[in-house]
$ cat query.txt   # compact mmCIF, C-alpha atoms and all ligand atoms
# COMPACT_ATOMS: atom_id res chain seq x y z
CA MET A 15 -37.76 -41.46 62.16
CA ASP A 16 -34.34 -39.90 62.28
CA ARG A 17 -32.15 -42.95 62.76
CA ILE A 18 -31.77 -46.19 60.89
CA PRO A 19 -31.53 -49.21 63.16
CA ILE A 20 -28.26 -51.12 63.13
CA LEU A 21 -28.45 -54.81 64.02
CA ARG A 22 -25.55 -56.63 65.54
CA MET A 23 -25.07 -60.24 64.56
CA GLY A 24 -21.96 -61.88 65.88
CA GLN A 25 -19.05 -60.02 64.38
CA PHE A 26 -21.18 -58.26 61.81
CA LEU A 27 -23.35 -55.20 61.74
CA LEU A 28 -26.43 -55.26 59.52
CA VAL A 29 -28.34 -52.32 58.18
CA THR A 30 -31.43 -52.41 56.01
CA ILE A 31 -32.26 -49.14 54.38
CA GLN A 32 -36.01 -49.18 53.92
CA ILE A 33 -36.73 -45.83 52.35
CA ASP A 34 -35.06 -43.27 50.13
CA LEU A 35 -32.98 -41.43 52.67
CA TYR A 36 -33.08 -37.81 53.53
CA ASP A 37 -29.57 -36.43 53.68
CA ARG A 38 -29.54 -36.04 57.43
CA LEU A 39 -30.58 -39.66 57.87
CA ALA A 40 -27.76 -40.78 55.63
CA VAL A 41 -25.22 -38.66 57.49
CA ASN A 42 -26.49 -40.02 60.81
CA LEU A 43 -26.19 -43.55 59.50
CA GLU A 44 -22.60 -42.93 58.50
CA SER A 45 -21.56 -41.66 61.91
CA ASP A 46 -23.63 -44.25 63.83
CA LEU A 47 -22.10 -47.09 61.85
CA VAL A 48 -18.58 -45.88 62.25
CA GLN A 49 -19.11 -45.48 65.99
CA MET A 50 -20.67 -48.94 66.23
CA VAL A 51 -17.78 -50.53 64.40
CA SER A 52 -15.30 -48.94 66.76
CA LYS A 53 -17.34 -49.73 69.87
CA THR A 54 -18.13 -53.36 69.03
CA GLY A 55 -15.00 -54.26 67.13
CA ALA A 56 -17.23 -55.64 64.37
CA ARG A 57 -15.35 -57.20 61.48
CA GLY A 58 -17.97 -56.74 58.82
CA VAL A 59 -20.72 -54.32 57.82
CA LEU A 60 -23.56 -55.35 55.54
CA ILE A 61 -25.81 -52.69 54.08
CA ASP A 62 -28.96 -53.77 52.28
CA ILE A 63 -30.00 -51.10 49.76
CA SER A 64 -32.60 -53.14 47.88
CA ALA A 65 -35.28 -50.58 48.78
CA LEU A 66 -33.31 -47.64 47.39
CA THR A 67 -34.70 -46.48 44.07
CA ILE A 68 -31.92 -44.00 43.47
CA VAL A 69 -28.31 -43.58 44.49
CA ASP A 70 -26.83 -40.24 43.52
CA SER A 71 -23.32 -38.96 44.14
CA PHE A 72 -24.27 -37.88 47.64
CA MET A 73 -25.52 -41.30 48.70
CA GLY A 74 -22.63 -42.94 46.88
CA ARG A 75 -20.21 -40.83 48.86
CA ILE A 76 -21.86 -41.81 52.14
CA LEU A 77 -21.54 -45.51 51.27
CA GLY A 78 -17.92 -45.00 50.26
CA ASN A 79 -17.16 -43.13 53.50
CA ILE A 80 -18.63 -45.96 55.53
CA GLY A 81 -16.50 -48.46 53.63
CA ASN A 82 -13.30 -46.49 53.93
CA MET A 83 -13.65 -45.69 57.60
CA SER A 84 -14.64 -49.25 58.44
CA LYS A 85 -11.58 -50.49 56.63
CA ILE A 86 -9.39 -48.32 58.80
CA MET A 87 -10.95 -50.09 61.77
CA ASP A 88 -10.36 -53.47 60.17
CA ALA A 89 -13.92 -54.14 59.08
CA GLU A 90 -15.10 -55.07 55.58
CA THR A 91 -18.19 -53.42 54.08
CA VAL A 92 -20.49 -55.08 51.62
CA VAL A 93 -23.45 -53.38 49.94
CA VAL A 94 -26.16 -55.80 48.84
CA GLY A 95 -29.33 -55.79 46.76
CA MET A 96 -28.66 -52.85 44.48
CA GLN A 97 -31.52 -52.64 41.97
CA PRO A 98 -30.41 -53.22 38.37
CA ALA A 99 -31.70 -49.82 37.24
CA VAL A 100 -29.66 -48.18 40.00
CA ALA A 101 -26.54 -50.11 39.02
CA ILE A 102 -26.90 -49.15 35.36
CA THR A 103 -27.42 -45.52 36.29
CA LEU A 104 -24.41 -45.41 38.61
CA ILE A 105 -22.12 -46.63 35.85
CA GLU A 106 -23.36 -43.99 33.43
CA LEU A 107 -23.15 -41.31 36.09
CA GLY A 108 -19.52 -42.30 36.52
CA LEU A 109 -19.66 -43.04 40.21
CA GLU A 110 -17.59 -45.88 41.56
CA LEU A 111 -18.50 -47.12 44.99
CA GLN A 112 -15.09 -46.92 46.56
CA GLY A 113 -14.14 -48.89 49.62
CA VAL A 114 -17.11 -51.22 49.47
CA SER A 115 -17.78 -54.58 47.86
CA THR A 116 -21.14 -55.48 46.40
CA ALA A 117 -23.16 -58.67 46.46
CA LEU A 118 -26.46 -59.69 44.94
CA ASN A 119 -28.37 -60.29 48.15
CA VAL A 120 -28.08 -60.55 51.92
CA GLU A 121 -27.17 -64.24 51.85
CA LYS A 122 -24.36 -63.77 49.35
CA GLY A 123 -23.19 -60.71 51.21
CA MET A 124 -22.99 -62.66 54.46
CA LEU A 125 -21.09 -65.43 52.75
CA TYR A 126 -18.68 -62.92 51.33
CA LEU A 127 -18.04 -61.37 54.72
CA GLN A 128 -17.57 -64.75 56.36
CA GLU A 129 -15.04 -65.82 53.80
CA LYS A 130 -13.32 -62.49 53.99
CA ILE A 131 -12.74 -62.68 57.69
CA GLY A 132 -11.81 -66.33 57.62
CA ASN A 133 -14.92 -68.05 58.89
CA GLN A 134 -14.57 -66.77 62.38
CA ILE A 135 -18.29 -66.72 62.80
CA GLU A 136 -19.54 -69.50 64.98
CA ALA A 137 -22.07 -71.90 63.61
CA ALA A 138 -24.16 -71.12 66.66
CA ASP A 139 -24.95 -67.72 65.23
CA ASP A 140 -28.43 -68.41 64.04
CA GLU A 141 -29.09 -66.50 60.89
CA ASP A 142 -32.84 -66.89 60.89
CA GLY A 143 -34.69 -63.64 60.74
CA VAL A 144 -32.16 -61.95 58.53
CA GLU A 145 -33.52 -60.75 55.20
CA MET B 9 -41.19 -26.05 42.43
CA LYS B 10 -38.99 -24.15 44.88
CA ILE B 11 -35.81 -25.74 46.18
CA GLU B 12 -34.50 -24.04 49.27
CA ARG B 13 -33.17 -26.67 51.63
CA GLU B 14 -31.75 -30.15 51.57
CA GLN B 15 -35.07 -31.49 52.84
CA ASP B 16 -36.59 -30.46 49.50
CA VAL B 17 -34.50 -32.96 47.55
CA VAL B 18 -36.46 -36.14 48.26
CA PRO B 19 -39.94 -34.61 47.69
CA PHE B 20 -38.62 -33.07 44.48
CA ARG B 21 -37.35 -36.43 43.26
CA ASN B 22 -40.73 -37.97 44.07
CA ARG B 23 -42.45 -35.27 41.98
CA VAL B 24 -40.20 -36.03 39.01
CA LYS B 25 -40.99 -39.69 39.42
CA GLU B 26 -44.75 -39.01 39.34
CA PHE B 27 -44.35 -37.25 36.00
CA ALA B 28 -42.16 -40.00 34.58
CA VAL B 29 -44.61 -42.68 35.68
CA LYS B 30 -47.49 -40.70 34.17
CA ILE B 31 -46.00 -40.93 30.68
CA GLY B 32 -45.04 -44.58 31.15
CA MET B 33 -41.29 -44.13 31.16
CA SER B 34 -39.32 -47.33 31.72
CA LEU B 35 -37.83 -47.91 35.15
CA VAL B 36 -34.26 -47.56 33.90
CA ASN B 37 -35.00 -44.26 32.19
CA GLN B 38 -36.89 -43.01 35.23
CA THR B 39 -33.91 -43.85 37.42
CA LYS B 40 -31.52 -42.07 35.07
CA LEU B 41 -33.72 -38.98 34.91
CA ILE B 42 -34.23 -38.80 38.66
CA THR B 43 -30.54 -39.31 39.37
CA ALA B 44 -29.58 -36.54 36.94
CA ALA B 45 -32.23 -34.29 38.50
CA SER B 46 -30.90 -35.07 41.95
CA GLU B 47 -27.37 -34.03 40.94
CA LEU B 48 -28.56 -30.75 39.43
CA VAL B 49 -30.75 -29.88 42.37
CA ARG B 50 -27.85 -30.58 44.73
CA ASN B 51 -25.63 -28.23 42.74
CA MET B 52 -28.33 -25.59 42.95
CA LEU B 53 -28.40 -25.92 46.73
CA LYS B 54 -24.65 -26.15 47.16
CA TYR B 55 -23.48 -23.41 44.82
CA ALA B 56 -26.48 -21.10 44.41
CA ASN B 57 -28.31 -21.41 47.70
CA GLY B 58 -31.31 -22.93 45.99
CA GLY B 59 -33.55 -21.96 43.12
CA SER B 60 -36.57 -23.30 41.31
CA VAL B 61 -37.37 -26.17 38.98
CA ILE B 62 -40.07 -26.44 36.35
CA ILE B 63 -41.23 -29.96 35.55
CA GLU B 64 -43.20 -30.54 32.36
CA ILE B 65 -44.32 -33.21 29.96
CA ILE B 66 -43.42 -32.54 26.33
CA ASN B 67 -44.28 -34.21 23.03
CA GLN B 68 -42.27 -34.57 19.88
CA GLY B 69 -43.85 -36.62 17.16
CA ARG B 70 -44.85 -39.87 18.78
CA ASP B 71 -42.41 -39.60 21.63
CA ASN B 72 -43.20 -38.14 25.02
CA GLY B 73 -40.67 -36.86 27.44
CA ILE B 74 -40.04 -34.95 30.62
CA ARG B 75 -38.35 -31.58 30.60
CA LEU B 76 -36.82 -30.10 33.73
CA ILE B 77 -35.60 -26.54 33.94
CA PHE B 78 -33.34 -25.69 36.88
CA ASP B 79 -33.13 -21.97 37.42
CA ASP B 80 -30.99 -20.28 40.06
CA LYS B 81 -29.79 -16.80 40.86
CA GLY B 82 -26.41 -17.92 42.12
CA PRO B 83 -22.90 -16.85 41.13
CA GLY B 84 -23.03 -18.50 37.72
CA ILE B 85 -20.37 -20.68 36.14
CA LYS B 86 -17.31 -18.98 34.67
CA ASP B 87 -16.08 -21.74 32.40
CA ILE B 88 -18.88 -24.09 31.36
CA PRO B 89 -16.79 -26.54 29.29
CA LEU B 90 -14.49 -26.90 32.28
CA ALA B 91 -17.40 -27.45 34.70
CA LEU B 92 -18.66 -30.19 32.38
CA LYS B 93 -15.41 -32.10 32.63
CA ASP B 94 -15.34 -35.24 34.73
CA GLY B 95 -13.52 -34.55 37.94
CA PHE B 96 -13.73 -30.76 37.91
CA SER B 97 -15.04 -29.35 41.16
CA THR B 98 -14.69 -26.08 43.03
CA GLY B 99 -16.38 -27.74 45.98
CA LYS B 100 -13.67 -30.29 46.77
CA SER B 101 -16.01 -32.98 45.55
CA LEU B 102 -15.89 -35.67 42.88
CA GLY B 103 -16.96 -33.37 40.07
CA ILE B 104 -19.27 -35.89 38.47
CA GLY B 105 -22.58 -34.09 38.95
CA LEU B 106 -22.72 -32.06 35.74
CA PRO B 107 -20.96 -34.48 33.34
CA GLY B 108 -22.79 -37.43 34.87
CA ALA B 109 -26.18 -35.73 34.57
CA ARG B 110 -25.41 -34.93 30.94
CA ARG B 111 -24.68 -38.59 30.19
CA LEU B 112 -27.90 -39.72 31.85
CA VAL B 113 -30.36 -37.63 29.84
CA SER B 114 -31.35 -37.27 26.18
CA GLU B 115 -30.76 -33.54 25.91
CA PHE B 116 -28.76 -31.23 28.10
CA ASP B 117 -28.39 -27.49 27.91
CA ILE B 118 -26.67 -25.11 30.27
CA LYS B 119 -26.67 -21.33 30.26
CA SER B 120 -24.95 -19.27 32.84
CA VAL B 121 -24.12 -15.63 33.39
CA GLU B 122 -21.51 -14.79 35.99
CA GLY B 123 -23.04 -12.95 38.87
CA LYS B 124 -26.55 -13.57 37.56
CA GLY B 125 -27.24 -17.25 37.75
CA THR B 126 -27.48 -20.55 35.94
CA VAL B 127 -30.21 -22.30 33.97
CA VAL B 128 -29.85 -25.99 33.20
CA THR B 129 -32.44 -27.66 30.99
CA ILE B 130 -32.64 -31.42 30.57
CA ILE B 131 -34.96 -33.64 28.56
CA LYS B 132 -35.40 -37.36 28.92
CA TRP B 133 -37.48 -38.98 26.19
CA LYS B 134 -39.68 -41.82 27.25
CA ASN B 135 -37.87 -44.18 24.90
CA GLY B 136 -34.64 -42.24 24.69
N1 LIG A 201 -25.85 -24.07 39.83
C1 LIG A 201 -24.52 -23.77 39.88
N2 LIG A 201 -24.12 -22.49 40.15
C2 LIG A 201 -22.80 -22.18 40.20
N3 LIG A 201 -21.81 -23.06 40.00
C3 LIG A 201 -22.14 -24.34 39.72
C4 LIG A 201 -23.50 -24.75 39.64
N4 LIG A 201 -23.52 -26.08 39.34
C5 LIG A 201 -22.24 -26.45 39.21
N5 LIG A 201 -21.39 -25.43 39.43
C6 LIG A 201 -19.91 -25.45 39.34
O1 LIG A 201 -19.54 -26.53 38.49
C7 LIG A 201 -18.65 -27.42 39.15
C8 LIG A 201 -18.90 -28.83 38.71
O2 LIG A 201 -20.15 -29.29 39.16
P1 LIG A 201 -20.37 -30.84 39.40
O3 LIG A 201 -21.75 -31.08 39.89
O4 LIG A 201 -19.95 -31.55 38.17
O5 LIG A 201 -19.32 -31.19 40.54
P2 LIG A 201 -19.41 -30.95 42.11
O6 LIG A 201 -20.77 -30.51 42.51
O7 LIG A 201 -18.30 -30.04 42.49
O8 LIG A 201 -19.13 -32.39 42.67
P3 LIG A 201 -20.17 -33.62 42.80
O9 LIG A 201 -21.40 -33.24 42.06
O10 LIG A 201 -19.46 -34.79 42.21
O11 LIG A 201 -20.41 -33.75 44.26
C9 LIG A 201 -18.92 -27.18 40.62
O12 LIG A 201 -17.80 -27.49 41.42
C10 LIG A 201 -19.23 -25.68 40.66
O13 LIG A 201 -18.06 -24.91 40.63
MG MG A 202 -22.49 -31.55 41.94
$ encode --input "query.txt" --output "structure tokens"
Amino acid sequence: MDRIPILRMGQFLLVTIQIDLYDRLAVNLESDLVQMVSKTGARGVLIDISALTIVDSFMGRILGNIGNMSKIMDAETVVVGMQPAVAITLIELGLELQGVSTALNVEKGMLYLQEKIGNQIEAADDEDGVE
Amino acid sequence: MKIEREQDVVPFRNRVKEFAVKIGMSLVNQTKLITAASELVRNMLKYANGGSVIIEIINQGRDNGIRLIFDDKGPGIKDIPLALKDGFSTGKSLGIGLPGARRLVSEFDIKSVEGKGTVVTIIKWKNG
């Protein structure tokens, strides 16, 4: 596998990272996401990192890049599901995830994005199957 | 264990994890150790074109721990106290690798000779 699938759901893009990423995979994800945001005009990006057992400065930088570039294209980025041990470690490492918001889980992350972009998502967007 | 390419980073981290699990290290301490190790191994790749790491289990009294020795034959570090400062980087990066790794482990030692290379030794005690 050398690409992480990106799901489109209404105005949002969803990514679930299922394994600890090799660098190339992470770099691909960054460029794929940025391209997708620009192509689809998505207003929000949700990245589920609950399967990541470590986030070092490299991975932190990738997440920050995604957030910053999405912002330039008028999309919000939310990172969800960070494991507590990872969160504790990031603080001690001294890495701030810049340009992204965080939420506890996919549901809360979606809510955050919807509020952020002013509930423009239609109720018809069935959210079953997410998570 | 030899570290020569970026693709070696994830397998290396998995190796460290195996050792940490073997001595029953808590998840938080494992995560701290592996994150510190990841930073150091990235520096080795970025600034010294790779090197080698020794992973070992050590005992002191009733406490067990993991010791990692990162050894490279790169350009060395001219000013170690400066390199250990938050935000110092010659690689246009964040400069949190070395100081962050130091905060995450129980013991941290760095020796470097300009033109010869750098050796960083870290210890994380199981309960430390
Ligand atoms: N193994 C090494 N050999 C030679 N120089 C090194 C080595 N490791 C670190 N350095 C030097 O120390 C500086 C600080 O390292 P540190 O890991 O803290 O920051 P960085 O790698 O530049 O940025 P970051 O880790 O945040 O991406 C580096 O910029 C580099 O000049
Ligand atoms: Mg570094």
$ closest_atom_pairs --input "query.txt" --of "chain A" --to "ligand MG 202 (chain A)" --cutoff "10 Å" --atoms "only C-alpha atoms and all ligand atoms" --output "Markdown table"
| residue | atom | partner | partner_atom | distance |
| --- | --- | --- | --- | --- |
| A:Asp70 | CA | A:MG202 | MG | 9.8 |
| A:Ser71 | CA | A:MG202 | MG | 7.8 |
| A:Phe72 | CA | A:MG202 | MG | 8.7 |
$ interface_residues --input "query.txt" --of "chain A" --to "chain B" --cutoff "12 Å" --atoms "all atoms listed in the file" --output "ChimeraX atom specification"
/A:33-39,66-75,97-112
$ residues_around --input "query.txt" --residues "Asn57 of chain B" --least-positions-apart "3" --cutoff "9 Å" --atoms "only C-alpha atoms" --output "list in words"
Ile11, Glu12, Arg13, Asn51, Met52, Leu53, Lys54, Asp80, Lys81 and Gly82 of chain B
$ atom_distance --input "query.txt" --atom1 "atom CA of Met87 of chain A" --atom2 "atom CA of Gly58 of chain A"
10.1 Å
$ atom_distance --input "query.txt" --atom1 "atom CA of Gly99 of chain B" --atom2 "atom O12 of ligand LIG 201 (chain A)"
4.8 Å
$ decode --input "query.txt" --residues "chain A" --atoms "C-alpha atoms" --output "CSV table (one decimal), in the first residue's frame"
chain,number,residue,atom,x,y,z
A,15,MET,CA,0.0,0.0,0.0
A,16,ASP,CA,1.5,3.3,-0.9
A,17,ARG,CA,-1.6,5.6,-0.6
A,18,ILE,CA,-4.0,6.2,2.2
A,19,PRO,CA,-7.6,6.4,0.9
A,20,ILE,CA,-9.4,9.7,1.3
A,21,LEU,CA,-13.2,9.6,1.6
A,22,ARG,CA,-15.3,12.4,0.5
A,23,MET,CA,-18.5,13.1,2.5
A,24,GLY,CA,-20.4,16.2,1.5
A,25,GLN,CA,-18.1,19.1,2.1
A,26,PHE,CA,-15.7,17.2,4.2
A,27,LEU,CA,-12.8,14.9,3.4
A,28,LEU,CA,-12.1,12.0,5.8
A,29,VAL,CA,-9.0,10.1,6.3
A,30,THR,CA,-8.4,7.2,8.7
A,31,ILE,CA,-4.8,6.4,9.3
A,32,GLN,CA,-4.7,2.7,10.1
A,33,ILE,CA,-1.0,2.0,10.6
A,34,ASP,CA,2.1,3.7,11.7
A,35,LEU,CA,3.1,5.5,8.5
A,36,TYR,CA,6.2,5.2,6.6
A,37,ASP,CA,7.5,8.7,5.7
A,38,ARG,CA,6.7,8.4,2.0
A,39,LEU,CA,3.1,7.4,2.9
A,40,ALA,CA,2.8,10.5,5.1
A,41,VAL,CA,4.3,12.8,2.4
A,42,ASN,CA,1.9,11.3,-0.2
A,43,LEU,CA,-1.0,11.8,2.1
A,44,GLU,CA,-0.1,15.5,2.6
A,45,SER,CA,0.0,16.2,-1.1
A,46,ASP,CA,-3.0,14.0,-1.9
A,47,LEU,CA,-5.1,15.8,0.7
A,48,VAL,CA,-4.0,19.3,-0.4
A,49,GLN,CA,-4.9,18.4,-4.0
A,50,MET,CA,-8.2,17.0,-3.0
A,51,VAL,CA,-9.1,20.1,-1.0
A,52,SER,CA,-8.3,22.3,-4.0
A,53,LYS,CA,-10.1,20.0,-6.5
A,54,THR,CA,-13.3,19.4,-4.5
A,55,GLY,CA,-13.5,22.7,-2.7
A,56,ALA,CA,-14.0,20.8,0.6
A,57,ARG,CA,-14.5,23.0,3.6
A,58,GLY,CA,-13.2,20.5,6.2
A,59,VAL,CA,-10.7,17.8,6.6
A,60,LEU,CA,-11.0,15.2,9.4
A,61,ILE,CA,-8.0,13.0,10.1
A,62,ASP,CA,-8.5,10.0,12.4
A,63,ILE,CA,-5.1,9.1,14.1
A,64,SER,CA,-6.5,6.7,16.7
A,65,ALA,CA,-4.4,3.9,15.3
A,66,LEU,CA,-1.1,5.9,15.5
A,67,THR,CA,1.0,4.7,18.4
A,68,ILE,CA,3.6,7.4,18.0
A,69,VAL,CA,3.7,10.9,16.5
A,70,ASP,CA,7.2,12.3,16.3
A,71,SER,CA,8.2,15.8,15.0
A,72,PHE,CA,8.1,14.5,11.4
A,73,MET,CA,4.5,13.3,11.6
A,74,GLY,CA,3.6,16.4,13.6
A,75,ARG,CA,5.0,18.5,10.8
A,76,ILE,CA,3.0,16.7,8.2
A,77,LEU,CA,-0.2,17.2,10.1
A,78,GLY,CA,0.6,20.9,10.6
A,79,ASN,CA,1.3,21.3,6.9
A,80,ILE,CA,-2.0,19.8,6.0
A,81,GLY,CA,-3.7,22.1,8.4
A,82,ASN,CA,-1.9,25.2,7.2
A,83,MET,CA,-2.3,24.5,3.5
A,84,SER,CA,-6.0,23.6,3.9
A,85,LYS,CA,-6.6,26.9,5.8
A,86,ILE,CA,-5.2,28.8,2.8
A,87,MET,CA,-7.8,27.1,0.7
A,88,ASP,CA,-10.5,27.9,3.2
A,89,ALA,CA,-10.8,24.5,4.8
A,90,GLU,CA,-10.6,23.6,8.5
A,91,THR,CA,-8.6,20.6,9.7
A,92,VAL,CA,-9.4,18.6,12.7
A,93,VAL,CA,-7.3,15.7,14.0
A,94,VAL,CA,-9.3,13.2,16.1
A,95,GLY,CA,-8.6,10.2,18.3
A,96,MET,CA,-5.1,10.9,19.5
A,97,GLN,CA,-4.2,8.3,22.1
A,98,PRO,CA,-3.6,9.7,25.5
A,99,ALA,CA,0.0,8.4,25.6
A,100,VAL,CA,0.7,10.1,22.3
A,101,ALA,CA,-0.8,13.4,23.6
A,102,ILE,CA,1.3,13.3,26.8
A,103,THR,CA,4.4,12.5,24.8
A,104,LEU,CA,3.8,15.3,22.3
A,105,ILE,CA,3.6,17.9,25.1
A,106,GLU,CA,6.8,16.8,26.7
A,107,LEU,CA,8.5,16.7,23.3
A,108,GLY,CA,7.5,20.3,22.9
A,109,LEU,CA,5.6,19.9,19.6
A,110,GLU,CA,2.5,21.9,19.1
A,111,LEU,CA,0.2,20.8,16.3
A,112,GLN,CA,0.0,24.0,14.5
A,113,GLY,CA,-2.9,24.8,12.1
A,114,VAL,CA,-5.1,22.0,13.2
A,115,SER,CA,-7.7,21.5,15.9
A,116,THR,CA,-8.2,18.4,17.8
A,117,ALA,CA,-11.2,16.4,19.0
A,118,LEU,CA,-11.7,13.3,21.0
A,119,ASN,CA,-13.3,11.2,18.3
A,120,VAL,CA,-14.8,11.2,14.8
A,121,GLU,CA,-18.2,12.2,16.0
A,122,LYS,CA,-17.0,15.2,18.0
A,123,GLY,CA,-14.7,16.1,15.1
A,124,MET,CA,-17.5,16.1,12.6
A,125,LEU,CA,-19.6,18.3,15.0
A,126,TYR,CA,-16.7,20.7,15.3
A,127,LEU,CA,-16.3,21.0,11.6
A,128,GLN,CA,-20.1,21.4,11.0
A,129,GLU,CA,-20.2,24.2,13.6
A,130,LYS,CA,-17.1,25.8,12.2
A,131,ILE,CA,-18.5,26.1,8.7
A,132,GLY,CA,-21.9,27.1,9.8
A,133,ASN,CA,-24.0,24.0,9.4
A,134,GLN,CA,-23.9,24.0,5.7
A,135,ILE,CA,-24.0,20.3,5.6
A,136,GLU,CA,-27.3,19.0,4.5
A,137,ALA,CA,-29.2,16.6,6.8
A,138,ALA,CA,-29.4,14.3,3.9
A,139,ASP,CA,-25.8,13.5,4.2
A,140,ASP,CA,-26.1,10.1,5.9
A,141,GLU,CA,-23.3,9.7,8.3
A,142,ASP,CA,-23.7,5.9,8.8
A,143,GLY,CA,-20.6,4.0,8.1
A,144,VAL,CA,-18.2,6.6,9.4
A,145,GLU,CA,-16.1,5.5,12.3
